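Here is the structure we will look at.
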Protein chains: 2
Amino acid sequence: MSDRSRHSRRTPPTIKTLADLSGYSIGTISKALRGSPVVAPATKETILKIAEEVGYQANARGMALRTGKTYQAAVLMPVTAVSDYEWDGVEYTQILSGLSQALEGSEYRMSVLTIRDADDGLEAARRVVDLGLADGLIFSGILQDDPRINFLVDAGFPFVSLGRCRRELDYAHVDVDNEWASHAATQRLISGGHRRIALINPRAELCYAADRIDGFTRAFDEARMIASTDLIVGGDLSTRFGRESAIELSKRSDPPTAFVCVNESTTLGVLSGLRDAGMTIGTDVDVIAYDDINVSAYFTPPITTFYQPIEVLGRTLGQFLLKRMAGEEPDTLKQVFRPKLVARQPDDLGKKRV
Amino acid sequence: MSDRSRHSRRTPPTIKTLADLSGYSIGTISKALRGSPVVAPATKETILKIAEEVGYQANARGMALRTGKTYQAAVLMPVTAVSDYEWDGVEYTQILSGLSQALEGSEYRMSVLTIRDADDGLEAARRVVDLGLADGLIFSGILQDDPRINFLVDAGFPFVSLGRCRRELDYAHVDVDNEWASHAATQRLISGGHRRIALINPRAELCYAADRIDGFTRAFDEARMIASTDLIVGGDLSTRFGRESAIELSKRSDPPTAFVCVNESTTLGVLSGLRDAGMTIGTDVDVIAYDDINVSAYFTPPITTFYQPIEVLGRTLGQFLLKRMAGEEPDTLKQVFRPKLVARQPDDLGKKRV
DNA sequence: ATCGTCAATAAAAACGTTTTTATTTTGTTT
DNA sequence: AAACAAAATAAAAACGTTTTTATTGACGAT
């Protein structure tokens with residue numbers, strides 16, 4: 001044991017080692033290991049046994065060179081240059097975690113490329129495709145007309161996006177039903193008697209910003225009311241943005257009585273801003289959030305959220321990507337998740353105040 | 001342009017293309033590209049010009065096979081199996097971000113391997129070394145006697161750890177001065193008149209748990225007081241753990257008047273737990289935290305923290321790893337950061353209550 | 001003039017696979 | 001028994017590099 005491990009550290013066994021040991025040629029060894037049907041069952045068994053014995057592990061670099069594959073799945077992870085803005089991207093831990101679960105059994109590993117913005121993302125996607133850095137790609141932060149999607153569809157390169165852009169293209173994706181969630185949150189507040197509702201939204205270029213506005217206005221339309229579109233703000237999803245937005249909006253002549261927030265980071269900021277503006281949650285104002293890292297329950301006070309475990313999205317992304325890399329067509333690889341309502345407040349202040 | 005790009009999509013230029021185009025042999029091309037001094041300056045220039053013209057990019061797989069290098073830096077990222085526990089690991093986004101900044105100019109890319117616990121981590125480290133999955137390794141969550149460090153030092157494999165174990169070994173690392181931070185926090189509370197101070201700590205196996213206890217007790221020792229070691233609790237660093245600990249500790253016959261928390265996740269939980277226990281921060285109890293994702297300012301109320309941008313740790317990890325992979329010895333590649341005190345509360349309740 | 005030295009380059013080997021093509025063996029058909 | 005097909009395996013080529021070894025030509029010293 002100690003002897004073998006010492007030997008194997010010296011030079012790990014290759015296909016050639018197996019050839020010498022078994023007497024078969026390296027071609028036959030290769031076929032046996034890959035389970036090709038042309039090799040006789042008895043031979044295959046012998047070879048596998050020897051491979052097992054010497055602890056043979058295929059050399060990824062050799063395979064990569066010959067096949068042109070990398071056995072890597074690349075992920076584009078957004079990072080912001082602004083350094084005092086650190087909640088940003090926390091959900092990526094969950095995505096990577098889910099992704100790695102999906103990739104677990106497969107022979108694929110995960111490679112992370114960081115990007116600063118969408119242009120940077122396109123650049124990275126180009127590198128992945130042109131240099132063959134990976135066999136498949138995952139990314140998020142989809143724009144309304146996302147250049148990465150256009151490029152990759154055009155190049156025929158396997159990818160799965162978290163989010164969908166608004167162009168009619170056939171590609172694999174996973175998404176949260178933002179239109180639905182935003183509609184449900186807004187509707188809940190309208191039912192609670194609210195008329196002036198603020199929507200704390202992502203930047204307008206992002207596709208799901210539009211989805212959320214759609215759901216928001218639909219809820220008002222259905223109630224035959226005028227949507228408070230003047231209370232929609234968009235920005236980076238930082239805690240600071242949430243805080244500043246809340247303070248700003250509260251100062252208006254006709255301020256909101258309720259907030260719909262797009263993620264937990266902004267929510268924390270909104271709560272902080274409202275506190276400073278002298279507003280008390282549940283007395284002066286209601287807040288509904290989208291819960292991305294499951295800590296809304298611990299906010300002061302706990303607030304109503306829509307919850308969708310991001311890890312599940314990550315896992316689905318991984319499963320879809322594996323299928324896509326195996327050659328499956330994108331048309332069946334599309335899934336939109338509906339987050340679950342977790343009601344922690346009545347959210348009916350609107351009634352009480354009237 | 002369109003024509004060339006179409007051509008390059010067909011078959012990207014290789015060293016052989018350059019050989020044909022220039023009339024030199026592939027060996028000379030290779031040497032010219034790598035800047036070997038044996039090739040004549042004029043020749044080198046010609047070759048580089050042609051390479052530029054046809055947009056030559058070295059094939060990573062070919063290089064990898066020949067050199068045995070992968071040009072990948074692997075990161076072990078911990079993920080927990082428990083799914084409703086999602087704050088966990090948020091700081092990894094920052095680490096990856098910093099790391100990628102350091103790797104930016106280099107030819108190295110970043111590969112992420114997820115691990116469930118320290119054993120899993122050792123397993124992953126073994127795979128990286130034995131299969132040559134990467135040229136260097138980064139990991140955190142160091143145990144008091146960490147098997148990964150022992151293994152990698154023994155194998156002579158380049159790595160940098162975030163955190164240091166307590167064994168006398170020579171290896172590159174980056175760390176936060178937890179002993180100092182914990183001491184400073186405790187001392188501040190003692191100066192504020194507190195005697196019964198709780199320490200919300202990580203699991204005891206983790207090396208920095210011991211560091212924090214050391215600093216905690218040292219502060220008491222220096223004040224010639226008995227440390228409230230009965231108020232030290234350790235656990236996973238979840239929000240739930242913070243909350244449950246706070247509730248539990250508040251119920252004791254001799255409860256703490258102050259808390260020192262190890263990260264923001266537990267802090268949020270502690271605040272939530274204290275609220276439920278009917279305790280008001282700044283009136284009944286003081287809390288000092290270690291700020292990892294820069295949101296403590298938005299807590300209710302904002303609390304005093306020790307702040308160390310994790311991205312900086314990540315960047316340093318990357319810089320050290322590059323040097324280590326370039327063959328530099330570990331003895332100069334060691335750095336311990338002292339977090340910065342951000343005082344947001346007087347933390348002197350102990351005086352007022354007496 | 002001849003020999004070695006040096007510089008520049010070419011040629012060949014090697015890294016570990018997979019895949020294509022060639023060869024051998026076995027069994028079946030006539 | 002000859003011819004052929006099928007099955008099993010061997011041999012060779014290829015993927016794109018780097019590195020080692022060989023070759024060529026020019027130059028200076030004898």
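The chains in the structure tokens are called A, B, ... from first to last as shown; in each chain the residues are counted from 1, and the ligands are counted from 1 in the order shown.
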Next item on the list: Counting only C-alpha atoms (C1' of nucleotides), collect the residues of chain B whose closest atom lies at most 12 Å from chain D, and write them out as a ChimeraX atom specification.
Entry: /B:12-17,26-34,36,57-69
Next item on the list: Pick out the chain B residues within 8 Å of chain A. Count only C-alpha atoms. Give them as a PyMOL selection string.
Entry: chain B and resi 9+57+59-62+64-65+68+70+79+83-87+89-94+97+100+109-114+130-131+239+268-269+272+293-295+298-300+311
Emit the selected residues as a short mmCIF file (atom, residue, chain, number, x, y, z; two decimals), in the first residue's frame, including N, CA and C atoms.
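Full text of result.cif as output:
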```cif
data_model
loop_
_atom_site.label_atom_id
_atom_site.label_comp_id
_atom_site.auth_asym_id
_atom_site.auth_seq_id
_atom_site.Cartn_x
_atom_site.Cartn_y
_atom_site.Cartn_z
N ARG B 9 -13.41 30.39 -37.28
CA ARG B 9 -14.35 29.51 -36.59
C ARG B 9 -14.21 28.09 -37.13
N GLN B 57 -4.08 32.00 -30.86
CA GLN B 57 -4.20 31.84 -29.40
C GLN B 57 -3.73 30.43 -29.08
N ASN B 59 -3.35 26.89 -27.80
CA ASN B 59 -4.33 25.90 -27.36
C ASN B 59 -3.95 25.39 -25.98
N ALA B 60 -4.83 25.70 -25.02
CA ALA B 60 -4.53 25.38 -23.62
C ALA B 60 -4.39 23.87 -23.42
N ARG B 61 -5.14 23.10 -24.16
CA ARG B 61 -5.10 21.65 -23.96
C ARG B 61 -3.77 21.06 -24.42
N GLY B 62 -3.29 21.58 -25.55
CA GLY B 62 -1.99 21.11 -26.03
C GLY B 62 -0.89 21.45 -25.04
N ALA B 64 -1.25 22.06 -21.90
CA ALA B 64 -1.47 21.32 -20.66
C ALA B 64 -0.89 19.92 -20.76
N LEU B 65 -1.15 19.27 -21.88
CA LEU B 65 -0.67 17.90 -22.03
C LEU B 65 0.86 17.86 -22.00
N GLY B 68 2.15 19.40 -18.46
CA GLY B 68 1.64 18.85 -17.21
C GLY B 68 0.97 19.88 -16.33
N THR B 70 -1.96 22.88 -15.65
CA THR B 70 -3.36 23.06 -16.04
C THR B 70 -3.72 24.53 -16.21
N VAL B 79 -20.00 24.03 1.19
CA VAL B 79 -21.45 24.20 1.09
C VAL B 79 -22.07 23.28 2.13
N SER B 83 -30.59 22.82 3.69
CA SER B 83 -30.94 23.77 2.64
C SER B 83 -31.63 25.05 3.15
N ASP B 84 -32.18 25.01 4.37
CA ASP B 84 -32.86 26.24 4.80
C ASP B 84 -31.90 27.09 5.63
N TYR B 85 -30.70 27.16 5.19
CA TYR B 85 -29.63 27.70 5.99
C TYR B 85 -28.74 28.41 5.01
N GLU B 86 -29.26 29.50 4.51
CA GLU B 86 -28.72 29.96 3.26
C GLU B 86 -27.76 31.13 3.33
N TRP B 87 -27.64 31.72 4.46
CA TRP B 87 -26.67 32.81 4.53
C TRP B 87 -25.28 32.23 4.40
N GLY B 89 -21.88 30.86 3.86
CA GLY B 89 -20.95 30.91 2.74
C GLY B 89 -21.06 32.15 1.88
N VAL B 90 -21.88 33.10 2.29
CA VAL B 90 -22.04 34.29 1.45
C VAL B 90 -20.71 34.98 1.22
N GLU B 91 -19.82 34.86 2.17
CA GLU B 91 -18.56 35.57 2.04
C GLU B 91 -17.71 34.97 0.92
N TYR B 92 -18.09 33.82 0.45
CA TYR B 92 -17.28 33.21 -0.61
C TYR B 92 -17.35 33.98 -1.92
N THR B 93 -18.46 34.65 -2.12
CA THR B 93 -18.55 35.49 -3.30
C THR B 93 -17.43 36.51 -3.28
N GLN B 94 -17.19 37.06 -2.10
CA GLN B 94 -16.13 38.06 -1.95
C GLN B 94 -14.76 37.46 -2.16
N SER B 97 -14.26 36.84 -5.75
CA SER B 97 -14.08 38.11 -6.44
C SER B 97 -12.65 38.63 -6.28
N SER B 100 -10.19 36.45 -8.18
CA SER B 100 -10.20 36.64 -9.63
C SER B 100 -9.48 37.93 -10.00
N ARG B 109 -6.76 30.45 -14.57
CA ARG B 109 -8.20 30.57 -14.38
C ARG B 109 -8.59 29.90 -13.06
N MET B 110 -9.84 30.05 -12.72
CA MET B 110 -10.28 29.66 -11.40
C MET B 110 -11.27 28.51 -11.49
N SER B 111 -11.00 27.49 -10.74
CA SER B 111 -11.87 26.33 -10.76
C SER B 111 -12.39 26.11 -9.35
N VAL B 112 -13.68 25.87 -9.22
CA VAL B 112 -14.28 25.77 -7.88
C VAL B 112 -14.72 24.33 -7.60
N LEU B 113 -14.25 23.80 -6.51
CA LEU B 113 -14.71 22.48 -6.07
C LEU B 113 -15.49 22.66 -4.78
N THR B 114 -16.69 22.15 -4.73
CA THR B 114 -17.47 22.31 -3.50
C THR B 114 -17.22 21.13 -2.58
N ASP B 130 -3.46 14.40 -7.08
CA ASP B 130 -3.22 13.15 -7.79
C ASP B 130 -3.59 13.23 -9.26
N LEU B 131 -4.71 13.85 -9.55
CA LEU B 131 -5.15 13.91 -10.93
C LEU B 131 -4.62 15.15 -11.64
N THR B 239 -27.87 32.05 10.99
CA THR B 239 -28.70 33.04 11.66
C THR B 239 -29.51 32.35 12.77
N LEU B 268 -27.32 38.89 13.15
CA LEU B 268 -28.72 39.12 12.79
C LEU B 268 -29.62 38.22 13.63
N GLY B 269 -29.18 36.97 13.81
CA GLY B 269 -29.94 36.03 14.62
C GLY B 269 -29.99 36.46 16.08
N SER B 272 -32.40 39.22 16.53
CA SER B 272 -33.76 38.70 16.46
C SER B 272 -34.14 37.98 17.75
N ILE B 293 -20.09 41.16 5.51
CA ILE B 293 -20.56 41.61 4.20
C ILE B 293 -21.08 43.04 4.25
N ASN B 294 -20.66 43.75 5.26
CA ASN B 294 -20.85 45.20 5.27
C ASN B 294 -22.31 45.64 5.33
N VAL B 295 -23.12 44.95 6.10
CA VAL B 295 -24.49 45.39 6.24
C VAL B 295 -24.87 45.72 7.68
N TYR B 298 -26.91 48.61 8.64
CA TYR B 298 -28.33 48.66 8.35
C TYR B 298 -29.15 47.85 9.35
N PHE B 299 -28.48 47.26 10.30
CA PHE B 299 -29.21 46.50 11.31
C PHE B 299 -30.01 47.45 12.18
N THR B 300 -30.94 46.88 12.92
CA THR B 300 -31.79 47.66 13.82
C THR B 300 -31.44 47.31 15.25
N GLU B 311 -12.88 40.82 0.40
CA GLU B 311 -12.31 40.86 -0.94
C GLU B 311 -10.79 41.04 -0.89
#
```
Notebook entry, point to check: Between C:DT2, C:DT19, C:DA14, C:DT26, which one has atoms that come closest to chain B, using only C-alpha atoms (C1' of nucleotides)?
Noted result: C:DA14
Item checked: Nearby residues (only C-alpha atoms (C1' of nucleotides)) at most 10 Å from region 209-219 of chain A, same-chain spacing under 3 positions excluded, as number ranges by chain -> A: 143-144, 166, 177-190, 197-206, 222-229, 232, 234-235, 260, 262
Margin query: Should the cut-off be 7 Å, what would the residue list for chain C against chain A look like, counting only C-alpha atoms (C1' of nucleotides), as an MDAnalysis selection string?
Written below: chainID C and resid 16:18
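The shell of residues at most 9 Å from Ile47 (chain A), with only C-alpha atoms (C1' of nucleotides) counted and near chain neighbours (fewer than 2 positions) removed, consists of Leu18, Ala19, Ser22, Tyr24, Ile29, Ala32, Leu33, Ala42, Thr43, Lys44, Glu45, Lys49, Ile50, Ala51 and Glu52 of chain A.
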Selection from above, C-alpha atoms, as a compact mmCIF listing (two decimals), in the first residue's frame, can you write it?
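Result file out.txt:
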```txt
# COMPACT_ATOMS: atom_id res chain seq x y z
CA LEU A 18 -2.23 -0.98 -18.59
CA ALA A 19 -1.19 -2.10 -22.05
CA SER A 22 -2.33 -6.72 -19.75
CA TYR A 24 -3.26 -5.68 -25.03
CA ILE A 29 -7.43 -0.54 -23.51
CA ALA A 32 -12.43 -1.22 -23.02
CA LEU A 33 -12.33 1.67 -20.58
CA ALA A 42 -13.69 -11.18 -21.20
CA THR A 43 -10.99 -8.79 -22.36
CA LYS A 44 -12.85 -5.82 -21.07
CA GLU A 45 -13.19 -7.46 -17.69
CA LYS A 49 -9.67 -5.34 -13.22
CA ILE A 50 -6.08 -4.32 -13.84
CA ALA A 51 -7.07 -0.68 -14.12
CA GLU A 52 -8.78 -0.95 -10.76
```
Check: Taking the backbone alone, and naming residues the way the document does, which bits of region 42-174 of chain B are strand (DSSP E) by DSSP, as a PyMOL selection string?
Finding: chain B and resi 72-78+109-115+136-139+159-162+172-174
Margin query: Residues within 12 Å of Gly327 (chain B), please, as a PyMOL selection string. Count only C-alpha atoms (C1' of nucleotides); anything in the same chain fewer than 6 positions from it doesn't count.
Written below: chain B and resi 135-136+156-159+320-321+333
Margin query: List the spatial neighbours of Val174 (chain B) as a VMD selection string - criterion: any atom at most 7 Å away, only C-alpha atoms (C1' of nucleotides), same-chain residues fewer than 3 positions off excluded.
Written below: chain B and resid 161 to 163 313 317 334 to 336
Go ahead and write the selection's residues with N, CA and C atoms as an mmCIF file, in the first residue's frame.
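File part.cif, as written:
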```cif
data_model
loop_
_atom_site.group_PDB
_atom_site.id
_atom_site.type_symbol
_atom_site.label_atom_id
_atom_site.label_comp_id
_atom_site.auth_asym_id
_atom_site.auth_seq_id
_atom_site.Cartn_x
_atom_site.Cartn_y
_atom_site.Cartn_z
ATOM 1 N N SER B 161 -3.772 29.008 2.435
ATOM 2 C CA SER B 161 -4.985 28.807 3.229
ATOM 3 C C SER B 161 -5.472 30.135 3.779
ATOM 4 N N LEU B 162 -6.785 30.255 3.874
ATOM 5 C CA LEU B 162 -7.365 31.404 4.561
ATOM 6 C C LEU B 162 -7.597 30.951 5.993
ATOM 7 N N GLY B 163 -6.704 31.355 6.861
ATOM 8 C CA GLY B 163 -6.689 30.845 8.232
ATOM 9 C C GLY B 163 -5.460 29.983 8.416
ATOM 10 N N LEU B 313 -8.824 39.993 1.456
ATOM 11 C CA LEU B 313 -8.255 38.695 1.813
ATOM 12 C C LEU B 313 -8.150 37.832 0.562
ATOM 13 N N LEU B 317 -4.850 36.263 -1.110
ATOM 14 C CA LEU B 317 -4.758 34.819 -1.342
ATOM 15 C C LEU B 317 -4.279 34.545 -2.758
ATOM 16 N N LYS B 334 2.959 35.119 4.065
ATOM 17 C CA LYS B 334 2.107 34.993 5.240
ATOM 18 C C LYS B 334 1.634 36.379 5.623
ATOM 19 N N GLN B 335 0.330 36.531 5.775
ATOM 20 C CA GLN B 335 -0.150 37.843 6.187
ATOM 21 C C GLN B 335 -1.380 37.729 7.067
ATOM 22 N N VAL B 336 -1.384 38.509 8.138
ATOM 23 C CA VAL B 336 -2.508 38.503 9.069
ATOM 24 C C VAL B 336 -3.091 39.912 9.136
#
```
Next item on the list: Taking the DSSP assignment computed from this structure's backbone, write out as a PyMOL selection string all residues of region 95-323 of chain A that belong to alpha helix (DSSP H).
Entry: chain A and resi 95-103+118-130+147-155+178-191+207-222+239-250+264-276+310-323
Notebook entry, point to check: How far is it from CA of Thr283 (chain A) to CA of Ile303 (chain B), in Å with one decimal?
Noted result: 24.4 Å
